[in-house]
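One file, protein.csv, carrying CSV, N, CA and C atoms and all ligand atoms:
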```csv
chain,number,residue,atom,x,y,z
P,1,MET,N,128.8,-57.5,-141.3
P,1,MET,CA,127.7,-57.1,-142.2
P,1,MET,C,128.3,-56.5,-143.5
P,2,ASP,N,127.8,-56.8,-144.7
P,2,ASP,CA,128.4,-56.3,-145.9
P,2,ASP,C,127.9,-54.9,-146.2
P,3,GLN,N,128.7,-54.2,-147.1
P,3,GLN,CA,128.5,-52.8,-147.3
P,3,GLN,C,127.1,-52.4,-147.8
P,4,ALA,N,126.6,-53.3,-148.7
P,4,ALA,CA,125.2,-53.0,-149.2
P,4,ALA,C,124.2,-53.0,-148.1
P,5,THR,N,124.3,-54.0,-147.2
P,5,THR,CA,123.3,-54.1,-146.1
P,5,THR,C,123.5,-52.9,-145.2
P,6,LEU,N,124.8,-52.6,-144.9
P,6,LEU,CA,125.0,-51.4,-144.0
P,6,LEU,C,124.4,-50.1,-144.6
P,7,LYS,N,124.6,-50.0,-145.9
P,7,LYS,CA,124.1,-48.7,-146.5
P,7,LYS,C,122.6,-48.7,-146.4
P,8,LEU,N,122.0,-49.8,-146.6
P,8,LEU,CA,120.5,-49.9,-146.5
P,8,LEU,C,120.0,-49.6,-145.1
P,9,VAL,N,120.7,-50.1,-144.1
P,9,VAL,CA,120.4,-49.8,-142.7
P,9,VAL,C,120.5,-48.3,-142.5
P,10,HIS,N,121.7,-47.8,-143.0
P,10,HIS,CA,122.0,-46.4,-142.8
P,10,HIS,C,120.9,-45.5,-143.4
P,11,GLN,N,120.6,-45.8,-144.7
P,11,GLN,CA,119.6,-45.0,-145.4
P,11,GLN,C,118.2,-45.1,-144.7
P,12,ALA,N,117.8,-46.3,-144.3
P,12,ALA,CA,116.5,-46.5,-143.7
P,12,ALA,C,116.5,-45.8,-142.3
P,13,SER,N,117.6,-45.9,-141.6
P,13,SER,CA,117.5,-45.2,-140.3
P,13,SER,C,117.5,-43.6,-140.5
P,14,ALA,N,118.2,-43.2,-141.6
P,14,ALA,CA,118.1,-41.7,-141.8
P,14,ALA,C,116.7,-41.3,-142.1
P,15,LEU,N,116.0,-42.1,-142.9
P,15,LEU,CA,114.6,-41.8,-143.3
P,15,LEU,C,113.7,-41.9,-142.0
P,16,LEU,N,113.9,-42.9,-141.2
P,16,LEU,CA,113.1,-43.0,-139.9
P,16,LEU,C,113.4,-41.8,-139.0
P,17,SER,N,114.7,-41.4,-139.0
P,17,SER,CA,115.1,-40.3,-138.1
P,17,SER,C,114.4,-39.0,-138.4
P,18,ILE,N,114.4,-38.7,-139.7
P,18,ILE,CA,113.7,-37.4,-140.1
P,18,ILE,C,112.2,-37.5,-140.0
P,19,SER,N,111.7,-38.7,-140.3
P,19,SER,CA,110.2,-38.9,-140.2
P,19,SER,C,109.8,-38.7,-138.7
P,20,GLY,N,110.6,-39.4,-137.8
P,20,GLY,CA,110.2,-39.2,-136.4
P,20,GLY,C,110.4,-37.8,-135.9
P,21,PHE,N,111.4,-37.1,-136.4
P,21,PHE,CA,111.6,-35.7,-136.0
P,21,PHE,C,110.5,-34.8,-136.5
P,22,LEU,N,110.0,-35.1,-137.8
P,22,LEU,CA,108.9,-34.3,-138.3
P,22,LEU,C,107.6,-34.6,-137.5
P,23,LEU,N,107.4,-35.8,-137.1
P,23,LEU,CA,106.3,-36.2,-136.3
P,23,LEU,C,106.3,-35.5,-135.0
P,24,ARG,N,107.5,-35.5,-134.3
P,24,ARG,CA,107.6,-34.9,-133.0
P,24,ARG,C,107.5,-33.3,-133.1
P,25,GLY,N,108.0,-32.8,-134.3
P,25,GLY,CA,107.9,-31.4,-134.5
P,25,GLY,C,106.4,-31.0,-134.6
P,26,GLY,N,105.6,-31.9,-135.3
P,26,GLY,CA,104.2,-31.6,-135.4
P,26,GLY,C,103.5,-31.6,-134.1
P,27,LEU,N,103.9,-32.6,-133.3
P,27,LEU,CA,103.3,-32.7,-131.9
P,27,LEU,C,103.6,-31.5,-131.1
P,28,MET,N,104.9,-31.0,-131.2
P,28,MET,CA,105.3,-29.8,-130.5
P,28,MET,C,104.5,-28.6,-130.9
P,29,LEU,N,104.3,-28.5,-132.2
P,29,LEU,CA,103.5,-27.3,-132.7
P,29,LEU,C,102.1,-27.4,-132.2
P,30,ASN,N,101.5,-28.6,-132.0
P,30,ASN,CA,100.2,-28.7,-131.5
P,30,ASN,C,100.1,-28.7,-130.0
P,31,GLY,N,101.2,-28.6,-129.4
P,31,GLY,CA,101.3,-28.6,-127.9
P,31,GLY,C,100.8,-29.9,-127.3
P,32,SER,N,101.1,-31.0,-128.0
P,32,SER,CA,100.6,-32.3,-127.6
P,32,SER,C,101.4,-32.8,-126.4
P,33,ALA,N,100.7,-33.4,-125.4
P,33,ALA,CA,101.3,-34.0,-124.2
P,33,ALA,C,102.1,-35.3,-124.5
P,34,LEU,N,101.7,-35.9,-125.7
P,34,LEU,CA,102.4,-37.1,-126.2
P,34,LEU,C,103.9,-36.9,-126.2
P,35,LEU,N,104.3,-35.7,-126.5
P,35,LEU,CA,105.8,-35.5,-126.7
P,35,LEU,C,106.5,-35.7,-125.4
P,36,ARG,N,105.8,-35.6,-124.3
P,36,ARG,CA,106.5,-35.7,-123.0
P,36,ARG,C,106.5,-37.2,-122.4
P,37,GLN,N,105.8,-38.0,-123.2
P,37,GLN,CA,105.7,-39.4,-122.7
P,37,GLN,C,107.1,-40.1,-122.9
P,38,ARG,N,107.4,-40.9,-121.9
P,38,ARG,CA,108.8,-41.6,-121.9
P,38,ARG,C,109.1,-42.3,-123.2
P,39,TRP,N,108.1,-43.1,-123.7
P,39,TRP,CA,108.3,-44.0,-124.9
P,39,TRP,C,108.5,-43.1,-126.1
P,40,MET,N,107.9,-41.9,-126.1
P,40,MET,CA,108.1,-41.0,-127.2
P,40,MET,C,109.5,-40.4,-127.3
P,41,ARG,N,110.2,-40.4,-126.1
P,41,ARG,CA,111.5,-39.9,-126.1
P,41,ARG,C,112.6,-40.9,-126.2
P,42,SER,N,112.2,-42.2,-126.1
P,42,SER,CA,113.2,-43.3,-126.1
P,42,SER,C,113.4,-43.9,-127.5
P,43,TRP,N,112.4,-44.0,-128.3
P,43,TRP,CA,112.6,-44.7,-129.6
P,43,TRP,C,113.5,-43.9,-130.6
P,44,PRO,N,113.5,-42.6,-130.5
P,44,PRO,CA,114.4,-41.9,-131.5
P,44,PRO,C,115.9,-42.2,-131.1
P,45,HIS,N,116.2,-42.5,-129.9
P,45,HIS,CA,117.6,-42.8,-129.5
P,45,HIS,C,118.0,-44.1,-130.2
P,46,ALA,N,117.1,-45.1,-130.3
P,46,ALA,CA,117.4,-46.3,-130.9
P,46,ALA,C,117.7,-46.1,-132.4
P,47,ILE,N,116.9,-45.3,-133.0
P,47,ILE,CA,117.0,-45.0,-134.5
P,47,ILE,C,118.3,-44.3,-134.7
P,48,ASP,N,118.6,-43.3,-133.9
P,48,ASP,CA,119.8,-42.5,-134.1
P,48,ASP,C,121.1,-43.3,-133.8
P,49,THR,N,121.0,-44.2,-132.9
P,49,THR,CA,122.1,-45.1,-132.6
P,49,THR,C,122.4,-45.9,-133.8
P,50,ALA,N,121.3,-46.5,-134.5
P,50,ALA,CA,121.5,-47.3,-135.7
P,50,ALA,C,122.1,-46.5,-136.8
P,51,LEU,N,121.7,-45.2,-136.9
P,51,LEU,CA,122.2,-44.3,-137.9
P,51,LEU,C,123.7,-44.1,-137.7
P,52,LEU,N,124.1,-43.8,-136.5
P,52,LEU,CA,125.5,-43.4,-136.1
P,52,LEU,C,126.4,-44.7,-136.3
P,53,VAL,N,125.9,-45.8,-135.7
P,53,VAL,CA,126.7,-47.0,-135.8
P,53,VAL,C,127.0,-47.5,-137.2
P,54,SER,N,125.9,-47.5,-138.0
P,54,SER,CA,126.0,-47.9,-139.4
P,54,SER,C,126.9,-46.9,-140.2
P,55,GLY,N,126.8,-45.6,-139.9
P,55,GLY,CA,127.7,-44.6,-140.5
P,55,GLY,C,129.2,-44.8,-140.2
P,56,ILE,N,129.4,-45.0,-138.9
P,56,ILE,CA,130.8,-45.2,-138.5
P,56,ILE,C,131.4,-46.5,-139.0
P,57,TRP,N,130.6,-47.5,-139.0
P,57,TRP,CA,131.0,-48.8,-139.6
P,57,TRP,C,131.3,-48.7,-141.0
P,58,MET,N,130.5,-48.0,-141.8
P,58,MET,CA,130.8,-47.9,-143.3
P,58,MET,C,132.0,-47.1,-143.5
P,59,ALA,N,132.2,-46.0,-142.7
P,59,ALA,CA,133.4,-45.2,-142.8
P,59,ALA,C,134.6,-46.0,-142.5
P,60,LEU,N,134.6,-46.8,-141.5
P,60,LEU,CA,135.7,-47.7,-141.2
P,60,LEU,C,136.0,-48.7,-142.4
P,61,ASN,N,134.9,-49.3,-142.9
P,61,ASN,CA,135.1,-50.3,-144.0
P,61,ASN,C,135.7,-49.6,-145.2
P,62,LEU,N,135.3,-48.4,-145.5
P,62,LEU,CA,135.7,-47.7,-146.7
P,62,LEU,C,137.0,-46.9,-146.5
P,63,GLY,N,137.5,-46.9,-145.3
P,63,GLY,CA,138.7,-46.1,-145.1
P,63,GLY,C,138.6,-44.6,-145.0
P,64,PHE,N,137.3,-44.1,-144.8
P,64,PHE,CA,137.1,-42.7,-144.7
P,64,PHE,C,137.3,-42.3,-143.3
P,65,ASN,N,138.0,-41.2,-143.1
P,65,ASN,CA,138.0,-40.5,-141.7
P,65,ASN,C,138.1,-39.0,-141.9
P,66,PRO,N,137.8,-38.3,-140.8
P,66,PRO,CA,137.8,-36.8,-141.0
P,66,PRO,C,139.1,-36.2,-141.6
P,67,GLY,N,140.2,-37.0,-141.4
P,67,GLY,CA,141.5,-36.5,-141.9
P,67,GLY,C,141.6,-36.6,-143.4
P,68,ASN,N,141.0,-37.6,-144.0
P,68,ASN,CA,141.1,-37.8,-145.5
P,68,ASN,C,139.8,-37.4,-146.2
P,69,SER,N,138.7,-37.2,-145.5
P,69,SER,CA,137.5,-36.9,-146.1
P,69,SER,C,136.8,-35.7,-145.5
P,70,PRO,N,137.1,-34.5,-146.0
P,70,PRO,CA,136.5,-33.3,-145.4
P,70,PRO,C,134.9,-33.3,-145.4
P,71,TRP,N,134.3,-34.0,-146.4
P,71,TRP,CA,132.9,-34.1,-146.4
P,71,TRP,C,132.4,-34.8,-145.1
P,72,LEU,N,133.2,-35.8,-144.6
P,72,LEU,CA,132.7,-36.6,-143.4
P,72,LEU,C,132.8,-35.6,-142.2
P,73,THR,N,133.8,-34.8,-142.2
P,73,THR,CA,133.9,-33.8,-141.1
P,73,THR,C,132.7,-32.9,-141.1
P,74,ALA,N,132.4,-32.4,-142.4
P,74,ALA,CA,131.2,-31.5,-142.5
P,74,ALA,C,130.0,-32.2,-142.1
P,75,LYS,N,129.9,-33.5,-142.4
P,75,LYS,CA,128.7,-34.2,-142.0
P,75,LYS,C,128.6,-34.4,-140.5
P,76,LEU,N,129.7,-34.7,-139.9
P,76,LEU,CA,129.6,-34.8,-138.4
P,76,LEU,C,129.3,-33.5,-137.7
P,77,ALA,N,129.9,-32.4,-138.2
P,77,ALA,CA,129.6,-31.1,-137.6
P,77,ALA,C,128.1,-30.8,-137.8
P,78,ALA,N,127.6,-31.1,-139.0
P,78,ALA,CA,126.2,-30.8,-139.3
P,78,ALA,C,125.3,-31.7,-138.4
P,79,LEU,N,125.8,-32.9,-138.2
P,79,LEU,CA,125.0,-33.8,-137.3
P,79,LEU,C,124.9,-33.3,-135.9
P,80,LEU,N,126.0,-32.7,-135.4
P,80,LEU,CA,126.0,-32.1,-134.0
P,80,LEU,C,125.0,-31.0,-134.0
P,81,LEU,N,125.1,-30.1,-135.1
P,81,LEU,CA,124.2,-29.0,-135.1
P,81,LEU,C,122.7,-29.4,-135.2
P,82,TYR,N,122.4,-30.5,-136.0
P,82,TYR,CA,121.1,-31.0,-136.1
P,82,TYR,C,120.6,-31.5,-134.7
P,83,ILE,N,121.4,-32.2,-134.0
P,83,ILE,CA,121.0,-32.7,-132.7
P,83,ILE,C,120.7,-31.5,-131.7
P,84,MET,N,121.6,-30.5,-131.7
P,84,MET,CA,121.4,-29.3,-130.9
P,84,MET,C,120.1,-28.6,-131.2
P,85,LEU,N,119.9,-28.4,-132.5
P,85,LEU,CA,118.7,-27.6,-133.0
P,85,LEU,C,117.5,-28.5,-132.6
P,86,GLY,N,117.6,-29.8,-132.7
P,86,GLY,CA,116.5,-30.7,-132.4
P,86,GLY,C,116.1,-30.5,-130.9
P,87,PHE,N,117.1,-30.4,-130.1
P,87,PHE,CA,116.9,-30.3,-128.6
P,87,PHE,C,116.1,-29.0,-128.4
P,88,ILE,N,116.6,-27.9,-129.0
P,88,ILE,CA,116.0,-26.6,-128.8
P,88,ILE,C,114.5,-26.6,-129.3
P,89,ALA,N,114.3,-27.2,-130.5
P,89,ALA,CA,113.0,-27.3,-131.1
P,89,ALA,C,112.0,-28.1,-130.2
P,90,LEU,N,112.5,-29.2,-129.7
P,90,LEU,CA,111.5,-30.1,-129.0
P,90,LEU,C,111.5,-30.0,-127.5
P,91,ARG,N,112.6,-29.4,-126.9
P,91,ARG,CA,112.6,-29.4,-125.4
P,91,ARG,C,113.1,-28.0,-124.8
P,92,LEU,N,114.2,-27.5,-125.3
P,92,LEU,CA,114.8,-26.3,-124.6
P,92,LEU,C,114.2,-25.0,-125.0
P,93,GLY,N,113.7,-24.9,-126.2
P,93,GLY,CA,113.2,-23.5,-126.7
P,93,GLY,C,112.2,-22.9,-125.8
P,94,ARG,N,112.4,-21.7,-125.4
P,94,ARG,CA,111.5,-21.0,-124.4
P,94,ARG,C,110.3,-20.5,-125.0
P,95,THR,N,110.4,-20.0,-126.3
P,95,THR,CA,109.1,-19.5,-126.9
P,95,THR,C,108.8,-20.3,-128.1
P,96,ARG,N,107.6,-20.2,-128.6
P,96,ARG,CA,107.1,-21.0,-129.8
P,96,ARG,C,108.0,-20.5,-131.0
P,97,ARG,N,108.2,-19.2,-131.0
P,97,ARG,CA,109.0,-18.6,-132.1
P,97,ARG,C,110.4,-19.3,-132.2
P,98,ILE,N,111.1,-19.4,-131.1
P,98,ILE,CA,112.4,-20.0,-131.0
P,98,ILE,C,112.3,-21.4,-131.5
P,99,ARG,N,111.3,-22.1,-131.0
P,99,ARG,CA,111.2,-23.6,-131.3
P,99,ARG,C,110.9,-23.7,-132.8
P,100,ILE,N,110.1,-22.9,-133.4
P,100,ILE,CA,109.8,-23.0,-134.8
P,100,ILE,C,111.1,-22.7,-135.7
P,101,ILE,N,111.8,-21.7,-135.3
P,101,ILE,CA,113.1,-21.3,-136.0
P,101,ILE,C,114.0,-22.5,-135.9
P,102,ALA,N,114.2,-23.1,-134.7
P,102,ALA,CA,115.1,-24.2,-134.5
P,102,ALA,C,114.6,-25.5,-135.3
P,103,LEU,N,113.3,-25.7,-135.4
P,103,LEU,CA,112.7,-26.8,-136.1
P,103,LEU,C,113.1,-26.7,-137.6
P,104,VAL,N,112.8,-25.5,-138.2
P,104,VAL,CA,113.1,-25.2,-139.6
P,104,VAL,C,114.6,-25.4,-139.9
P,105,SER,N,115.4,-24.8,-139.0
P,105,SER,CA,116.9,-24.9,-139.2
P,105,SER,C,117.4,-26.3,-139.1
P,106,ALA,N,116.8,-27.1,-138.2
P,106,ALA,CA,117.2,-28.5,-138.1
P,106,ALA,C,116.8,-29.3,-139.3
P,107,ILE,N,115.7,-29.0,-139.9
P,107,ILE,CA,115.3,-29.7,-141.2
P,107,ILE,C,116.2,-29.3,-142.3
P,108,ALA,N,116.6,-28.0,-142.3
P,108,ALA,CA,117.6,-27.5,-143.4
P,108,ALA,C,118.9,-28.2,-143.2
P,109,CYS,N,119.3,-28.4,-141.9
P,109,CYS,CA,120.6,-29.1,-141.5
P,109,CYS,C,120.5,-30.5,-142.0
P,110,PHE,N,119.4,-31.2,-141.8
P,110,PHE,CA,119.3,-32.6,-142.2
P,110,PHE,C,119.4,-32.7,-143.8
P,111,ALA,N,118.8,-31.7,-144.5
P,111,ALA,CA,118.8,-31.7,-145.9
P,111,ALA,C,120.3,-31.6,-146.4
P,112,TYR,N,121.0,-30.7,-145.7
P,112,TYR,CA,122.4,-30.5,-146.0
P,112,TYR,C,123.2,-31.8,-145.8
P,113,ILE,N,122.9,-32.5,-144.7
P,113,ILE,CA,123.7,-33.8,-144.4
P,113,ILE,C,123.4,-34.8,-145.5
P,114,VAL,N,122.2,-34.9,-146.0
P,114,VAL,CA,121.9,-35.8,-147.1
P,114,VAL,C,122.6,-35.4,-148.3
P,115,LYS,N,122.6,-34.1,-148.6
P,115,LYS,CA,123.3,-33.6,-149.8
P,115,LYS,C,124.8,-33.9,-149.7
P,116,VAL,N,125.4,-33.7,-148.6
P,116,VAL,CA,126.8,-34.0,-148.4
P,116,VAL,C,127.1,-35.5,-148.6
P,117,ALA,N,126.1,-36.4,-148.0
P,117,ALA,CA,126.3,-37.8,-148.1
P,117,ALA,C,126.3,-38.3,-149.6
P,118,VAL,N,125.4,-37.7,-150.4
P,118,VAL,CA,125.2,-38.1,-151.8
P,118,VAL,C,126.3,-37.6,-152.7
P,119,THR,N,126.8,-36.4,-152.5
P,119,THR,CA,127.8,-35.8,-153.4
P,119,THR,C,129.2,-36.0,-152.8
P,120,ARG,N,129.3,-36.4,-151.6
P,120,ARG,CA,130.6,-36.4,-150.9
P,120,ARG,C,131.4,-35.1,-151.1
P,121,SER,N,130.7,-34.0,-151.0
P,121,SER,CA,131.3,-32.7,-151.0
P,121,SER,C,130.6,-31.9,-149.9
P,122,ALA,N,131.5,-31.1,-149.2
P,122,ALA,CA,131.0,-30.3,-148.1
P,122,ALA,C,130.2,-29.0,-148.6
P,123,LEU,N,130.4,-28.7,-149.9
P,123,LEU,CA,129.7,-27.5,-150.4
P,123,LEU,C,128.2,-27.6,-150.3
P,124,PRO,N,127.5,-26.5,-149.9
P,124,PRO,CA,126.1,-26.7,-149.7
P,124,PRO,C,125.3,-26.7,-151.0
P,125,PHE,N,125.9,-26.3,-152.1
P,125,PHE,CA,125.2,-26.3,-153.4
P,125,PHE,C,126.0,-27.0,-154.5
M,201,LIG,C1,121.7,-37.4,-139.7
M,201,LIG,C2,122.7,-38.1,-140.0
M,201,LIG,C3,123.0,-38.8,-141.3
M,201,LIG,C4,122.3,-38.9,-142.4
M,201,LIG,C5,121.0,-38.2,-142.8
M,201,LIG,C6,123.0,-39.7,-143.4
M,201,LIG,C7,122.6,-40.0,-144.7
M,201,LIG,C8,123.3,-40.7,-145.6
M,201,LIG,C9,122.9,-41.2,-146.8
M,201,LIG,C10,121.5,-40.8,-147.4
M,201,LIG,C11,123.8,-41.9,-147.4
M,201,LIG,C12,123.8,-42.6,-148.8
M,201,LIG,C13,124.4,-41.6,-149.9
M,201,LIG,C14,124.4,-42.3,-151.2
M,201,LIG,O1,123.3,-42.5,-151.8
M,201,LIG,O2,125.4,-42.7,-151.7
M,201,LIG,C15,125.0,-41.9,-146.5
M,201,LIG,C16,126.2,-42.5,-146.8
M,201,LIG,C17,127.2,-42.5,-145.9
M,201,LIG,N1,127.2,-42.1,-144.6
M,201,LIG,FE1,125.7,-41.1,-143.7
M,201,LIG,N2,124.2,-40.1,-142.8
M,201,LIG,C18,124.2,-39.6,-141.5
M,201,LIG,C19,125.2,-39.7,-140.6
M,201,LIG,C20,126.4,-40.4,-140.8
M,201,LIG,C21,127.5,-40.5,-139.8
M,201,LIG,C22,127.4,-40.0,-138.4
M,201,LIG,C23,128.5,-41.2,-140.5
M,201,LIG,C24,129.9,-41.6,-140.0
M,201,LIG,C25,130.5,-41.2,-138.9
M,201,LIG,C26,128.1,-41.4,-141.8
M,201,LIG,C27,128.9,-42.1,-142.8
M,201,LIG,C28,128.5,-42.3,-144.1
M,201,LIG,C29,129.3,-43.0,-145.1
M,201,LIG,C30,130.8,-43.4,-144.9
M,201,LIG,C31,128.5,-43.0,-146.3
M,201,LIG,C32,129.0,-43.5,-147.6
M,201,LIG,C33,128.6,-45.0,-147.9
M,201,LIG,C34,129.0,-45.3,-149.4
M,201,LIG,O3,129.2,-44.4,-150.2
M,201,LIG,O4,128.9,-46.5,-149.7
M,201,LIG,N3,126.8,-40.9,-142.0
M,201,LIG,N4,124.6,-41.2,-145.4
```

What would the structure in this file look like if it were written as structure tokens?
Ligand code: HEM
Amino acid sequence: MDQATLKLVHQASALLSISGFLLRGGLMLNGSALLRQRWMRSWPHAIDTALLVSGIWMALNLGFNPGNSPWLTAKLAALLLYIMLGFIALRLGRTRRIRIIALVSAIACFAYIVKVAVTRSALPF
């Protein structure tokens, strides 16, 4: 797959990933039972797999690795944090307050990842 197509797949899956997360966040806030349906839990995995695979593929194509690109290391660390915060917001958080804090932090984390991707700098501002 050429670089332009990979980037398009990557950007589209990033958009779908955050849209799906916001949707599930809204369902969580409304206490919707939809959130616990099996199909609701499986499609985000497909999107996140496309995001990860296209990202790794582009990094390999362009010769970026955590050793020569600190921004990529920052991006991967922030991605792990985003996944953990997402879990807390949608599943593990014991109280509504904890879930809301995790939800807002995950959204901030995602914004940081996009900022790092566009500027190729790990600095938050
Ligand atoms: C939530 C996770 C992620 C989001 C939101 C995200 C978002 C983005 C966006 C928006 C771009 C395009 C930046 C531009 O306009 O130039 C981009 C580029 C890129 N991403 Fe990701 N990304 C994520 C995860 C990853 C992962 C896991 C990897 C690799 C392991 C990765 C590797 C790359 C690379 C190498 C580019 C640069 C492509 C280029 O400049 O041609 N991304 N990412």

- Message: Please identify the alpha helix (DSSP H) residues within chain P (assignment by DSSP from backbone atoms) and present them as an NGL selection string.
- Response: :P and (3-29 or 38-62 or 70-87 or 96-119)

- Given the choices P:Leu15, P:Arg24, P:Ala77, P:Arg36, which gets closest to P:Asp48 if the distance is worked out from only C-alpha atoms? P:Leu15

- Task: Please indicate the distance in Å from atom CA of P:Arg38 to atom C5 of ligand LIG 201 (chain M), rounded to one decimal place.
- Result: 24.4 Å

- Item | Contacts with ligand LIG 201 (chain M) at most 10 Å, only C-alpha atoms and all ligand atoms counted, listed as an MDAnalysis selection string | chainID P and resid 3:4 6:18 48:66 69 71:73 75:83 109:120

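Taking atom CA of P:Pro70 and atom CA of P:Ser121 as the two end points, the separation is 7.7 Å.
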
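Residues lying within 7 Å of P:Gly25, counting only N, CA and C atoms and ignoring same-chain neighbours fewer than 4 positions away, are Gly20, Phe21, Leu29, Asn30, Ala89, Leu90 and Leu103 of chain P.
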
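Going from atom N of P:Ala74 to atom CA of P:Gly86 covers 18.9 Å.
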